[in-house]
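Have a look at entry23.cif below; it lists mmCIF, N, CA and C atoms.
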data_run
loop_
_atom_site.label_atom_id
_atom_site.label_comp_id
_atom_site.auth_asym_id
_atom_site.auth_seq_id
_atom_site.Cartn_x
_atom_site.Cartn_y
_atom_site.Cartn_z
N MET M 1 -1.53 4.70 -13.68
CA MET M 1 -0.26 4.05 -13.84
C MET M 1 -0.49 2.55 -13.90
N ASP M 2 -0.03 1.93 -14.95
CA ASP M 2 -0.11 0.49 -15.10
C ASP M 2 1.18 -0.11 -14.56
N PRO M 3 1.11 -0.88 -13.47
CA PRO M 3 2.34 -1.40 -12.86
C PRO M 3 3.11 -2.37 -13.75
N TYR M 4 2.46 -2.89 -14.77
CA TYR M 4 3.14 -3.83 -15.68
C TYR M 4 3.88 -3.11 -16.81
N SER M 5 3.51 -1.87 -17.09
CA SER M 5 4.17 -1.15 -18.19
C SER M 5 4.85 0.13 -17.73
N THR M 6 4.90 0.37 -16.42
CA THR M 6 5.62 1.51 -15.87
C THR M 6 6.94 1.00 -15.30
N TYR M 7 8.04 1.59 -15.76
CA TYR M 7 9.37 1.12 -15.38
C TYR M 7 10.16 2.20 -14.66
N TYR M 8 11.00 1.75 -13.74
CA TYR M 8 11.95 2.60 -13.04
C TYR M 8 13.29 1.88 -13.02
N THR M 9 14.32 2.59 -12.56
CA THR M 9 15.63 1.97 -12.40
C THR M 9 15.83 1.57 -10.96
N SER M 10 16.04 0.29 -10.75
CA SER M 10 16.35 -0.24 -9.43
C SER M 10 17.85 -0.04 -9.20
N ALA M 11 18.17 0.91 -8.34
CA ALA M 11 19.57 1.26 -8.04
C ALA M 11 19.56 2.09 -6.76
N PRO M 12 20.71 2.18 -6.07
CA PRO M 12 20.74 3.07 -4.90
C PRO M 12 20.25 4.46 -5.30
N PHE M 13 19.50 5.09 -4.45
CA PHE M 13 18.80 6.33 -4.79
C PHE M 13 18.98 7.35 -3.67
N THR M 14 19.35 8.57 -4.03
CA THR M 14 19.50 9.64 -3.04
C THR M 14 18.67 10.83 -3.48
N TYR M 15 17.95 11.40 -2.54
CA TYR M 15 17.09 12.56 -2.79
C TYR M 15 17.47 13.65 -1.80
N GLN M 16 17.79 14.84 -2.31
CA GLN M 16 18.16 15.95 -1.43
C GLN M 16 17.72 17.27 -2.09
N PRO M 17 16.42 17.61 -1.93
CA PRO M 17 15.93 18.84 -2.56
C PRO M 17 16.47 20.11 -1.90
N ASP M 18 16.87 20.00 -0.65
CA ASP M 18 17.39 21.15 0.10
C ASP M 18 18.79 20.81 0.61
N PRO M 19 19.83 21.46 0.06
CA PRO M 19 21.21 21.15 0.47
C PRO M 19 21.50 21.42 1.95
N SER M 20 20.66 22.19 2.61
CA SER M 20 20.88 22.45 4.03
C SER M 20 20.37 21.31 4.91
N LEU M 21 19.62 20.38 4.31
CA LEU M 21 19.11 19.22 5.05
C LEU M 21 19.87 17.97 4.64
N PRO M 22 19.93 16.97 5.51
CA PRO M 22 20.63 15.74 5.13
C PRO M 22 19.91 15.03 3.99
N PRO M 23 20.66 14.32 3.16
CA PRO M 23 20.03 13.60 2.04
C PRO M 23 19.26 12.39 2.53
N TRP M 24 18.28 11.98 1.72
CA TRP M 24 17.52 10.76 1.97
C TRP M 24 18.09 9.71 1.03
N SER M 25 18.76 8.73 1.59
CA SER M 25 19.36 7.66 0.79
C SER M 25 18.52 6.41 0.91
N VAL M 26 18.16 5.84 -0.23
CA VAL M 26 17.28 4.68 -0.26
C VAL M 26 18.03 3.52 -0.92
N HIS M 27 17.89 2.35 -0.34
CA HIS M 27 18.52 1.15 -0.90
C HIS M 27 17.60 -0.04 -0.62
N THR M 28 17.92 -1.16 -1.22
CA THR M 28 17.16 -2.37 -0.94
C THR M 28 17.74 -3.03 0.31
N TYR M 29 16.97 -3.88 0.94
CA TYR M 29 17.41 -4.56 2.15
C TYR M 29 18.69 -5.36 1.90
N SER M 30 18.74 -6.02 0.76
CA SER M 30 19.89 -6.88 0.45
C SER M 30 21.00 -6.16 -0.32
N ASN M 31 20.78 -4.89 -0.63
CA ASN M 31 21.73 -4.12 -1.43
C ASN M 31 22.00 -4.77 -2.79
N THR M 32 20.99 -5.40 -3.35
CA THR M 32 21.06 -5.93 -4.71
C THR M 32 20.02 -5.19 -5.54
N TYR M 33 20.33 -4.99 -6.81
CA TYR M 33 19.48 -4.16 -7.65
C TYR M 33 19.24 -4.83 -8.99
N ALA M 34 18.10 -4.53 -9.59
CA ALA M 34 17.66 -5.22 -10.81
C ALA M 34 17.83 -4.38 -12.07
N GLY M 35 18.27 -3.14 -11.97
CA GLY M 35 18.34 -2.29 -13.16
C GLY M 35 16.94 -1.84 -13.55
N THR M 36 16.64 -1.80 -14.83
CA THR M 36 15.31 -1.38 -15.29
C THR M 36 14.31 -2.47 -14.92
N ILE M 37 13.23 -2.06 -14.24
CA ILE M 37 12.28 -3.03 -13.69
C ILE M 37 10.88 -2.41 -13.68
N SER M 38 9.87 -3.23 -13.94
CA SER M 38 8.49 -2.74 -13.87
C SER M 38 8.09 -2.57 -12.41
N VAL M 39 7.11 -1.74 -12.17
CA VAL M 39 6.60 -1.54 -10.81
C VAL M 39 6.03 -2.86 -10.27
N ALA M 40 5.40 -3.65 -11.14
CA ALA M 40 4.87 -4.95 -10.71
C ALA M 40 5.99 -5.85 -10.21
N SER M 41 7.08 -5.94 -10.95
CA SER M 41 8.21 -6.77 -10.52
C SER M 41 8.86 -6.20 -9.27
N ALA M 42 8.95 -4.88 -9.19
CA ALA M 42 9.53 -4.24 -8.01
C ALA M 42 8.70 -4.53 -6.76
N THR M 43 7.39 -4.71 -6.95
CA THR M 43 6.52 -5.07 -5.83
C THR M 43 6.89 -6.45 -5.31
N TRP M 44 7.04 -7.41 -6.22
CA TRP M 44 7.41 -8.77 -5.82
C TRP M 44 8.76 -8.80 -5.14
N GLN M 45 9.68 -7.92 -5.58
CA GLN M 45 11.02 -7.91 -5.02
C GLN M 45 11.14 -6.97 -3.82
N SER M 46 10.06 -6.26 -3.51
CA SER M 46 10.05 -5.29 -2.41
C SER M 46 11.20 -4.30 -2.55
N ASP M 47 11.29 -3.70 -3.73
CA ASP M 47 12.39 -2.79 -4.06
C ASP M 47 12.07 -1.36 -3.63
N ASN M 48 12.63 -0.96 -2.50
CA ASN M 48 12.37 0.38 -1.96
C ASN M 48 12.80 1.49 -2.90
N THR M 49 13.85 1.28 -3.69
CA THR M 49 14.35 2.35 -4.55
C THR M 49 13.31 2.72 -5.61
N VAL M 50 12.61 1.74 -6.12
CA VAL M 50 11.57 2.00 -7.12
C VAL M 50 10.41 2.76 -6.50
N PHE M 51 9.98 2.33 -5.30
CA PHE M 51 8.84 2.99 -4.67
C PHE M 51 9.16 4.38 -4.15
N ALA M 52 10.42 4.63 -3.83
CA ALA M 52 10.82 5.99 -3.47
C ALA M 52 10.66 6.91 -4.68
N GLN M 53 11.12 6.45 -5.84
CA GLN M 53 10.99 7.25 -7.06
C GLN M 53 9.53 7.43 -7.45
N LEU M 54 8.76 6.36 -7.34
CA LEU M 54 7.33 6.42 -7.69
C LEU M 54 6.60 7.41 -6.78
N THR M 55 6.91 7.40 -5.49
CA THR M 55 6.27 8.33 -4.56
C THR M 55 6.61 9.77 -4.92
N LEU M 56 7.86 10.03 -5.27
CA LEU M 56 8.25 11.38 -5.66
C LEU M 56 7.55 11.80 -6.95
N ASP M 57 7.45 10.89 -7.92
CA ASP M 57 6.78 11.21 -9.18
C ASP M 57 5.28 11.43 -8.99
N THR M 58 4.67 10.63 -8.14
CA THR M 58 3.24 10.71 -7.89
C THR M 58 2.90 11.89 -7.00
N GLY M 59 3.77 12.15 -6.05
CA GLY M 59 3.56 13.22 -5.07
C GLY M 59 3.09 12.62 -3.76
N PRO M 60 3.81 12.88 -2.67
CA PRO M 60 3.43 12.32 -1.37
C PRO M 60 1.99 12.61 -0.96
N GLN M 61 1.46 13.78 -1.29
CA GLN M 61 0.08 14.09 -0.91
C GLN M 61 -0.90 13.18 -1.64
N ASN M 62 -0.61 12.88 -2.90
CA ASN M 62 -1.47 11.95 -3.65
C ASN M 62 -1.41 10.55 -3.05
N VAL M 63 -0.24 10.14 -2.57
CA VAL M 63 -0.11 8.84 -1.91
C VAL M 63 -0.95 8.84 -0.63
N ALA M 64 -0.89 9.93 0.13
CA ALA M 64 -1.69 10.04 1.37
C ALA M 64 -3.18 10.01 1.05
N ASP M 65 -3.58 10.71 0.00
CA ASP M 65 -5.00 10.73 -0.38
C ASP M 65 -5.49 9.34 -0.76
N MET M 66 -4.69 8.59 -1.52
CA MET M 66 -5.10 7.24 -1.90
C MET M 66 -5.10 6.32 -0.68
N ALA M 67 -4.14 6.46 0.21
CA ALA M 67 -4.11 5.64 1.43
C ALA M 67 -5.39 5.86 2.22
N TYR M 68 -5.85 7.09 2.30
CA TYR M 68 -7.09 7.37 3.02
C TYR M 68 -8.27 6.70 2.32
N LYS M 69 -8.30 6.78 0.99
CA LYS M 69 -9.38 6.12 0.23
C LYS M 69 -9.39 4.62 0.49
N LEU M 70 -8.19 4.04 0.62
CA LEU M 70 -8.06 2.60 0.81
C LEU M 70 -8.26 2.16 2.25
N GLY M 71 -8.45 3.12 3.16
CA GLY M 71 -8.82 2.73 4.51
C GLY M 71 -7.87 3.08 5.62
N ILE M 72 -6.71 3.65 5.33
CA ILE M 72 -5.81 4.08 6.41
C ILE M 72 -6.47 5.31 7.04
N ARG M 73 -6.85 5.21 8.29
CA ARG M 73 -7.61 6.28 8.94
C ARG M 73 -6.85 6.94 10.09
N GLN M 74 -5.54 6.91 10.05
CA GLN M 74 -4.77 7.60 11.06
C GLN M 74 -5.14 9.07 11.03
N THR M 75 -5.15 9.70 12.18
CA THR M 75 -5.53 11.10 12.22
C THR M 75 -4.46 11.98 11.62
N LYS M 76 -3.21 11.57 11.70
CA LYS M 76 -2.13 12.40 11.17
C LYS M 76 -1.13 11.54 10.42
N LEU M 77 -1.13 11.65 9.10
CA LEU M 77 -0.11 10.99 8.30
C LEU M 77 1.01 11.99 8.06
N ASP M 78 2.24 11.53 8.16
CA ASP M 78 3.38 12.38 7.79
C ASP M 78 3.49 12.35 6.27
N VAL M 79 3.13 13.46 5.64
CA VAL M 79 3.17 13.52 4.18
C VAL M 79 4.59 13.90 3.77
N VAL M 80 5.41 12.87 3.60
CA VAL M 80 6.82 13.03 3.26
C VAL M 80 7.16 12.03 2.16
N PRO M 81 8.27 12.24 1.44
CA PRO M 81 8.62 11.30 0.37
C PRO M 81 8.73 9.85 0.82
N ALA M 82 9.12 9.59 2.05
CA ALA M 82 9.29 8.21 2.52
C ALA M 82 7.98 7.50 2.81
N MET M 83 6.86 8.20 2.70
CA MET M 83 5.58 7.57 3.05
C MET M 83 5.23 6.42 2.11
N GLY M 84 5.69 6.45 0.88
CA GLY M 84 5.44 5.35 -0.04
C GLY M 84 6.14 4.06 0.39
N LEU M 85 7.08 4.18 1.32
CA LEU M 85 7.77 3.01 1.86
C LEU M 85 7.17 2.58 3.19
N GLY M 86 6.17 3.34 3.69
CA GLY M 86 5.53 2.99 4.95
C GLY M 86 6.33 3.39 6.17
N SER M 87 7.17 4.41 6.05
CA SER M 87 8.04 4.77 7.17
C SER M 87 7.34 5.63 8.21
N GLY M 88 7.85 5.60 9.42
CA GLY M 88 7.38 6.46 10.51
C GLY M 88 5.89 6.39 10.72
N ARG M 89 5.28 7.56 10.88
CA ARG M 89 3.83 7.63 11.08
C ARG M 89 3.16 7.80 9.73
N CYS M 90 3.56 6.97 8.80
CA CYS M 90 3.03 7.10 7.45
C CYS M 90 1.98 6.05 7.18
N LEU M 91 2.32 5.08 6.38
CA LEU M 91 1.30 4.16 5.90
C LEU M 91 1.33 2.79 6.58
N ALA M 92 2.14 2.63 7.58
CA ALA M 92 2.14 1.36 8.29
C ALA M 92 0.78 1.18 8.95
N ALA M 93 0.36 -0.03 9.11
CA ALA M 93 -0.97 -0.30 9.67
C ALA M 93 -0.93 -0.18 11.19
N ARG M 94 -0.41 0.92 11.67
CA ARG M 94 -0.27 1.12 13.11
C ARG M 94 -1.59 1.42 13.78
N ASP M 95 -2.57 1.82 13.00
CA ASP M 95 -3.88 2.12 13.58
C ASP M 95 -4.81 0.92 13.52
N GLY M 96 -4.27 -0.23 13.16
CA GLY M 96 -5.09 -1.44 13.11
C GLY M 96 -5.85 -1.59 11.81
N GLN M 97 -5.74 -0.61 10.94
CA GLN M 97 -6.43 -0.72 9.66
C GLN M 97 -5.68 -1.70 8.78
N ARG M 98 -6.40 -2.32 7.88
CA ARG M 98 -5.79 -3.30 7.00
C ARG M 98 -6.43 -3.16 5.63
N LEU M 99 -5.60 -3.21 4.64
CA LEU M 99 -6.13 -3.18 3.28
C LEU M 99 -6.29 -4.60 2.80
N ARG M 100 -7.43 -4.88 2.23
CA ARG M 100 -7.67 -6.21 1.69
C ARG M 100 -8.05 -6.02 0.23
N HIS M 101 -7.40 -6.76 -0.63
CA HIS M 101 -7.62 -6.55 -2.05
C HIS M 101 -8.40 -7.68 -2.68
N ASP M 102 -9.33 -7.31 -3.54
CA ASP M 102 -9.95 -8.32 -4.39
C ASP M 102 -8.98 -8.51 -5.56
N ARG M 103 -9.38 -9.21 -6.59
CA ARG M 103 -8.46 -9.48 -7.70
C ARG M 103 -7.88 -8.20 -8.28
N GLY M 104 -8.64 -7.14 -8.34
CA GLY M 104 -8.16 -5.91 -8.93
C GLY M 104 -7.65 -4.91 -7.92
N GLY M 105 -7.64 -5.24 -6.64
CA GLY M 105 -7.12 -4.33 -5.62
C GLY M 105 -7.97 -3.08 -5.48
N ARG M 106 -9.29 -3.18 -5.55
CA ARG M 106 -10.15 -2.02 -5.59
C ARG M 106 -11.03 -1.85 -4.36
N MET M 107 -10.97 -2.78 -3.42
CA MET M 107 -11.91 -2.78 -2.30
C MET M 107 -11.21 -2.50 -0.97
N TYR M 108 -11.90 -1.78 -0.10
CA TYR M 108 -11.48 -1.63 1.28
C TYR M 108 -12.36 -2.55 2.12
N SER M 109 -11.75 -3.34 2.99
CA SER M 109 -12.50 -4.19 3.90
C SER M 109 -12.23 -3.73 5.32
N GLU M 110 -13.29 -3.50 6.06
CA GLU M 110 -13.14 -3.10 7.45
C GLU M 110 -12.40 -4.20 8.22
N PRO M 111 -11.47 -3.84 9.12
CA PRO M 111 -10.76 -4.86 9.89
C PRO M 111 -11.75 -5.76 10.63
N LEU M 112 -11.40 -7.03 10.73
CA LEU M 112 -12.29 -8.01 11.33
C LEU M 112 -11.48 -8.91 12.25
N ALA M 113 -11.81 -8.88 13.54
CA ALA M 113 -11.06 -9.68 14.52
C ALA M 113 -11.60 -11.10 14.63
N ILE M 114 -12.89 -11.27 14.52
CA ILE M 114 -13.50 -12.60 14.66
C ILE M 114 -13.95 -13.07 13.29
N THR M 115 -13.39 -14.18 12.84
CA THR M 115 -13.74 -14.67 11.52
C THR M 115 -14.81 -15.76 11.56
N LYS M 116 -14.90 -16.49 12.68
CA LYS M 116 -15.99 -17.44 12.83
C LYS M 116 -16.11 -17.82 14.31
N VAL M 117 -17.29 -18.30 14.67
CA VAL M 117 -17.56 -18.76 16.03
C VAL M 117 -18.01 -20.21 15.95
N VAL M 118 -17.32 -21.06 16.70
CA VAL M 118 -17.67 -22.48 16.76
C VAL M 118 -18.36 -22.73 18.11
N LEU M 119 -19.57 -23.23 18.06
CA LEU M 119 -20.36 -23.49 19.25
C LEU M 119 -19.85 -24.75 19.97
N PRO M 120 -20.22 -24.92 21.25
CA PRO M 120 -19.75 -26.10 22.00
C PRO M 120 -20.05 -27.43 21.34
N ASP M 121 -21.12 -27.49 20.54
CA ASP M 121 -21.44 -28.76 19.89
C ASP M 121 -20.65 -28.96 18.59
N GLY M 122 -19.73 -28.02 18.27
CA GLY M 122 -18.89 -28.14 17.09
C GLY M 122 -19.44 -27.48 15.84
N LYS M 123 -20.68 -26.98 15.91
CA LYS M 123 -21.28 -26.33 14.74
C LYS M 123 -20.81 -24.88 14.67
N VAL M 124 -20.67 -24.40 13.43
CA VAL M 124 -20.28 -23.00 13.21
C VAL M 124 -21.53 -22.13 13.27
N ASP M 125 -21.46 -21.03 14.03
CA ASP M 125 -22.57 -20.08 14.15
C ASP M 125 -22.53 -19.13 12.94
N HIS M 126 -23.46 -19.32 12.01
CA HIS M 126 -23.54 -18.45 10.83
C HIS M 126 -24.55 -17.33 11.01
N SER M 127 -25.30 -17.33 12.09
CA SER M 127 -26.42 -16.41 12.24
C SER M 127 -26.02 -14.96 12.47
N ALA M 128 -24.86 -14.71 13.05
CA ALA M 128 -24.48 -13.34 13.37
C ALA M 128 -23.65 -12.66 12.29
N GLY M 129 -23.36 -13.37 11.21
CA GLY M 129 -22.58 -12.76 10.14
C GLY M 129 -21.09 -12.72 10.42
N TRP M 130 -20.61 -13.61 11.27
CA TRP M 130 -19.17 -13.65 11.58
C TRP M 130 -18.38 -13.87 10.30
N GLY M 131 -17.24 -13.21 10.21
CA GLY M 131 -16.35 -13.42 9.08
C GLY M 131 -16.74 -12.68 7.82
N LYS M 132 -17.69 -11.76 7.92
CA LYS M 132 -18.11 -10.99 6.75
C LYS M 132 -17.87 -9.51 7.02
N PRO M 133 -16.68 -8.99 6.64
CA PRO M 133 -16.40 -7.58 6.89
C PRO M 133 -17.22 -6.66 5.99
N LYS M 134 -17.42 -5.45 6.45
CA LYS M 134 -18.05 -4.45 5.59
C LYS M 134 -17.03 -4.11 4.51
N ARG M 135 -17.48 -4.12 3.26
CA ARG M 135 -16.58 -3.82 2.14
C ARG M 135 -17.11 -2.63 1.37
N GLU M 136 -16.19 -1.87 0.82
CA GLU M 136 -16.54 -0.67 0.08
C GLU M 136 -15.60 -0.54 -1.11
N ARG M 137 -16.16 -0.30 -2.28
CA ARG M 137 -15.34 -0.06 -3.47
C ARG M 137 -14.72 1.33 -3.36
N VAL M 138 -13.39 1.40 -3.49
CA VAL M 138 -12.71 2.69 -3.36
C VAL M 138 -11.96 3.10 -4.63
N ILE M 139 -11.75 2.16 -5.53
CA ILE M 139 -11.12 2.47 -6.81
C ILE M 139 -12.08 1.99 -7.89
N PRO M 140 -12.43 2.86 -8.84
CA PRO M 140 -13.44 2.51 -9.84
C PRO M 140 -13.03 1.32 -10.70
N ASP M 141 -14.05 0.60 -11.20
CA ASP M 141 -13.83 -0.55 -12.07
C ASP M 141 -13.16 -0.18 -13.38
N TRP M 142 -13.36 1.03 -13.85
CA TRP M 142 -12.88 1.38 -15.18
C TRP M 142 -11.37 1.57 -15.22
N LEU M 143 -10.67 1.62 -14.06
CA LEU M 143 -9.21 1.72 -14.10
C LEU M 143 -8.64 0.36 -14.50
N PRO M 144 -7.57 0.34 -15.33
CA PRO M 144 -7.04 -0.93 -15.81
C PRO M 144 -6.33 -1.73 -14.73
N THR M 145 -6.46 -3.07 -14.80
CA THR M 145 -5.70 -3.99 -13.94
C THR M 145 -5.24 -5.15 -14.80
N ARG M 146 -4.40 -5.98 -14.24
CA ARG M 146 -3.95 -7.20 -14.94
C ARG M 146 -4.21 -8.37 -14.07
#
Have the structure of the file written as structure tokens, please.
Amino acid sequence: MDPYSTYYTSAPFTYQPDPSLPPWSVHTYSNTYAGTISVASATWQSDNTVFAQLTLDTGPQNVADMAYKLGIRQTKLDVVPAMGLGSGRCLAARDGQRLRHDRGGRMYSEPLAITKVVLPDGKVDHSAGWGKPKRERVIPDWLPTR
């Protein structure tokens, strides 16, 4: 999926696959909507309605699988339609994991608490490799980016 050429409708959204269960109603924080919008623009606007639709189209299990590839290592993800929005025990960085993106968003970087050590004399200690997280490519180079 190319986020620059994939479009959805930004509008209040309700999903109810089972009439015996309550509906899932999705809206934006400000209750303002953009109409037809690319996924890239919806990202900048943090439009939950677009990502709810995208998660349903992609499939929540596929979202969970990609989250694992990108470094979310929670032992139990709730594989539900709302996971694309980071709800509940879904994709929020509650386990301390963090996704760090290179220009193409293809790398996982291990969380790093210490970025540098300054010695009492004011010099930075470069000998221990501070500030250099372990990185791993998780999305192949051949996938398109902009």
*Could you check how far atom CA of Leu85 of chain M sits from atom CA of Thr55 of chain M, in Å to one decimal?*
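Taking atom CA of Leu85 of chain M as the start and atom CA of Thr55 of chain M as the end point, the length is 8.5 Å.
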*Apply the PyMOL selection byres (((chain M and resi 30 and name CA) around 12) and name CA) to the file shown and report the selected residues as a ChimeraX atom specification.*
/M:11-12,26-29,31-34,45-49
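Note that atom CA of Gly71 of chain M and atom CA of Asp125 of chain M are 28.3 Å apart.
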*For Ser10 of chain M, which residue among M:Val50, M:Thr43, M:Ser25, M:Leu56 is the nearest when counting only C-alpha atoms?*
M:Val50
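Our summary of the geometry notes that atom N of Thr14 of chain M is positioned 20.0 Å from atom CA of Ser41 of chain M.
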*Looking at all atoms listed in the file, which of M:Lys76, M:Ser5, M:Pro19, M:Pro81 is the one that sits closest to Gln61 of chain M?*
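Of all the options, M:Pro81 lies closest to Gln61 of chain M.
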_Selected residue, from M:Val63, M:Ile37, M:Ala42, M:Ala52, that lies nearest to Tyr7 of chain M when counting only N, CA and C atoms_ =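 Closest candidate: M:Ile37.
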*Please evaluate the PyMOL selection byres ((chain M and resi 135) around 6) against the structure above and give the resulting residues as a VMD selection string.*
chain M and resid 108 to 110 133 to 134 136 to 137
*Please return as a list in words: the residues of segment 3-79 of chain M that backbone DSSP assigns to helix (DSSP H, G or I).*
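Residues of segment 3-79 of chain M classed as helix (DSSP H, G or I): Val39, Ala40, Ser41, Ala42, Thr43, Trp44, Gln45, Asn48, Thr49, Val50, Phe51, Ala52, Gln53, Leu54, Thr55, Leu56, Asp57, Thr58, Pro60, Gln61, Asn62, Val63, Ala64, Asp65, Met66, Ala67, Tyr68 and Lys69 of chain M.
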Those same residues - N, CA and C atoms - I'd like them written as an mmCIF file, in the frame of the given file.
data_model
loop_
_atom_site.group_PDB
_atom_site.id
_atom_site.type_symbol
_atom_site.label_atom_id
_atom_site.label_comp_id
_atom_site.auth_asym_id
_atom_site.auth_seq_id
_atom_site.Cartn_x
_atom_site.Cartn_y
_atom_site.Cartn_z
ATOM 1 N N VAL M 39 7.110 -1.740 -12.170
ATOM 2 C CA VAL M 39 6.600 -1.540 -10.810
ATOM 3 C C VAL M 39 6.030 -2.860 -10.270
ATOM 4 N N ALA M 40 5.400 -3.650 -11.140
ATOM 5 C CA ALA M 40 4.870 -4.950 -10.710
ATOM 6 C C ALA M 40 5.990 -5.850 -10.210
ATOM 7 N N SER M 41 7.080 -5.940 -10.950
ATOM 8 C CA SER M 41 8.210 -6.770 -10.520
ATOM 9 C C SER M 41 8.860 -6.200 -9.270
ATOM 10 N N ALA M 42 8.950 -4.880 -9.190
ATOM 11 C CA ALA M 42 9.530 -4.240 -8.010
ATOM 12 C C ALA M 42 8.700 -4.530 -6.760
ATOM 13 N N THR M 43 7.390 -4.710 -6.950
ATOM 14 C CA THR M 43 6.520 -5.070 -5.830
ATOM 15 C C THR M 43 6.890 -6.450 -5.310
ATOM 16 N N TRP M 44 7.040 -7.410 -6.220
ATOM 17 C CA TRP M 44 7.410 -8.770 -5.820
ATOM 18 C C TRP M 44 8.760 -8.800 -5.140
ATOM 19 N N GLN M 45 9.680 -7.920 -5.580
ATOM 20 C CA GLN M 45 11.020 -7.910 -5.020
ATOM 21 C C GLN M 45 11.140 -6.970 -3.820
ATOM 22 N N ASN M 48 12.630 -0.960 -2.500
ATOM 23 C CA ASN M 48 12.370 0.380 -1.960
ATOM 24 C C ASN M 48 12.800 1.490 -2.900
ATOM 25 N N THR M 49 13.850 1.280 -3.690
ATOM 26 C CA THR M 49 14.350 2.350 -4.550
ATOM 27 C C THR M 49 13.310 2.720 -5.610
ATOM 28 N N VAL M 50 12.610 1.740 -6.120
ATOM 29 C CA VAL M 50 11.570 2.000 -7.120
ATOM 30 C C VAL M 50 10.410 2.760 -6.500
ATOM 31 N N PHE M 51 9.980 2.330 -5.300
ATOM 32 C CA PHE M 51 8.840 2.990 -4.670
ATOM 33 C C PHE M 51 9.160 4.380 -4.150
ATOM 34 N N ALA M 52 10.420 4.630 -3.830
ATOM 35 C CA ALA M 52 10.820 5.990 -3.470
ATOM 36 C C ALA M 52 10.660 6.910 -4.680
ATOM 37 N N GLN M 53 11.120 6.450 -5.840
ATOM 38 C CA GLN M 53 10.990 7.250 -7.060
ATOM 39 C C GLN M 53 9.530 7.430 -7.450
ATOM 40 N N LEU M 54 8.760 6.360 -7.340
ATOM 41 C CA LEU M 54 7.330 6.420 -7.690
ATOM 42 C C LEU M 54 6.600 7.410 -6.780
ATOM 43 N N THR M 55 6.910 7.400 -5.490
ATOM 44 C CA THR M 55 6.270 8.330 -4.560
ATOM 45 C C THR M 55 6.610 9.770 -4.920
ATOM 46 N N LEU M 56 7.860 10.030 -5.270
ATOM 47 C CA LEU M 56 8.250 11.380 -5.660
ATOM 48 C C LEU M 56 7.550 11.800 -6.950
ATOM 49 N N ASP M 57 7.450 10.890 -7.920
ATOM 50 C CA ASP M 57 6.780 11.210 -9.180
ATOM 51 C C ASP M 57 5.280 11.430 -8.990
ATOM 52 N N THR M 58 4.670 10.630 -8.140
ATOM 53 C CA THR M 58 3.240 10.710 -7.890
ATOM 54 C C THR M 58 2.900 11.890 -7.000
ATOM 55 N N PRO M 60 3.810 12.880 -2.670
ATOM 56 C CA PRO M 60 3.430 12.320 -1.370
ATOM 57 C C PRO M 60 1.990 12.610 -0.960
ATOM 58 N N GLN M 61 1.460 13.780 -1.290
ATOM 59 C CA GLN M 61 0.080 14.090 -0.910
ATOM 60 C C GLN M 61 -0.900 13.180 -1.640
ATOM 61 N N ASN M 62 -0.610 12.880 -2.900
ATOM 62 C CA ASN M 62 -1.470 11.950 -3.650
ATOM 63 C C ASN M 62 -1.410 10.550 -3.050
ATOM 64 N N VAL M 63 -0.240 10.140 -2.570
ATOM 65 C CA VAL M 63 -0.110 8.840 -1.910
ATOM 66 C C VAL M 63 -0.950 8.840 -0.630
ATOM 67 N N ALA M 64 -0.890 9.930 0.130
ATOM 68 C CA ALA M 64 -1.690 10.040 1.370
ATOM 69 C C ALA M 64 -3.180 10.010 1.050
ATOM 70 N N ASP M 65 -3.580 10.710 0.000
ATOM 71 C CA ASP M 65 -5.000 10.730 -0.380
ATOM 72 C C ASP M 65 -5.490 9.340 -0.760
ATOM 73 N N MET M 66 -4.690 8.590 -1.520
ATOM 74 C CA MET M 66 -5.100 7.240 -1.900
ATOM 75 C C MET M 66 -5.100 6.320 -0.680
ATOM 76 N N ALA M 67 -4.140 6.460 0.210
ATOM 77 C CA ALA M 67 -4.110 5.640 1.430
ATOM 78 C C ALA M 67 -5.390 5.860 2.220
ATOM 79 N N TYR M 68 -5.850 7.090 2.300
ATOM 80 C CA TYR M 68 -7.090 7.370 3.020
ATOM 81 C C TYR M 68 -8.270 6.700 2.320
ATOM 82 N N LYS M 69 -8.300 6.780 0.990
ATOM 83 C CA LYS M 69 -9.380 6.120 0.230
ATOM 84 C C LYS M 69 -9.390 4.620 0.490
#
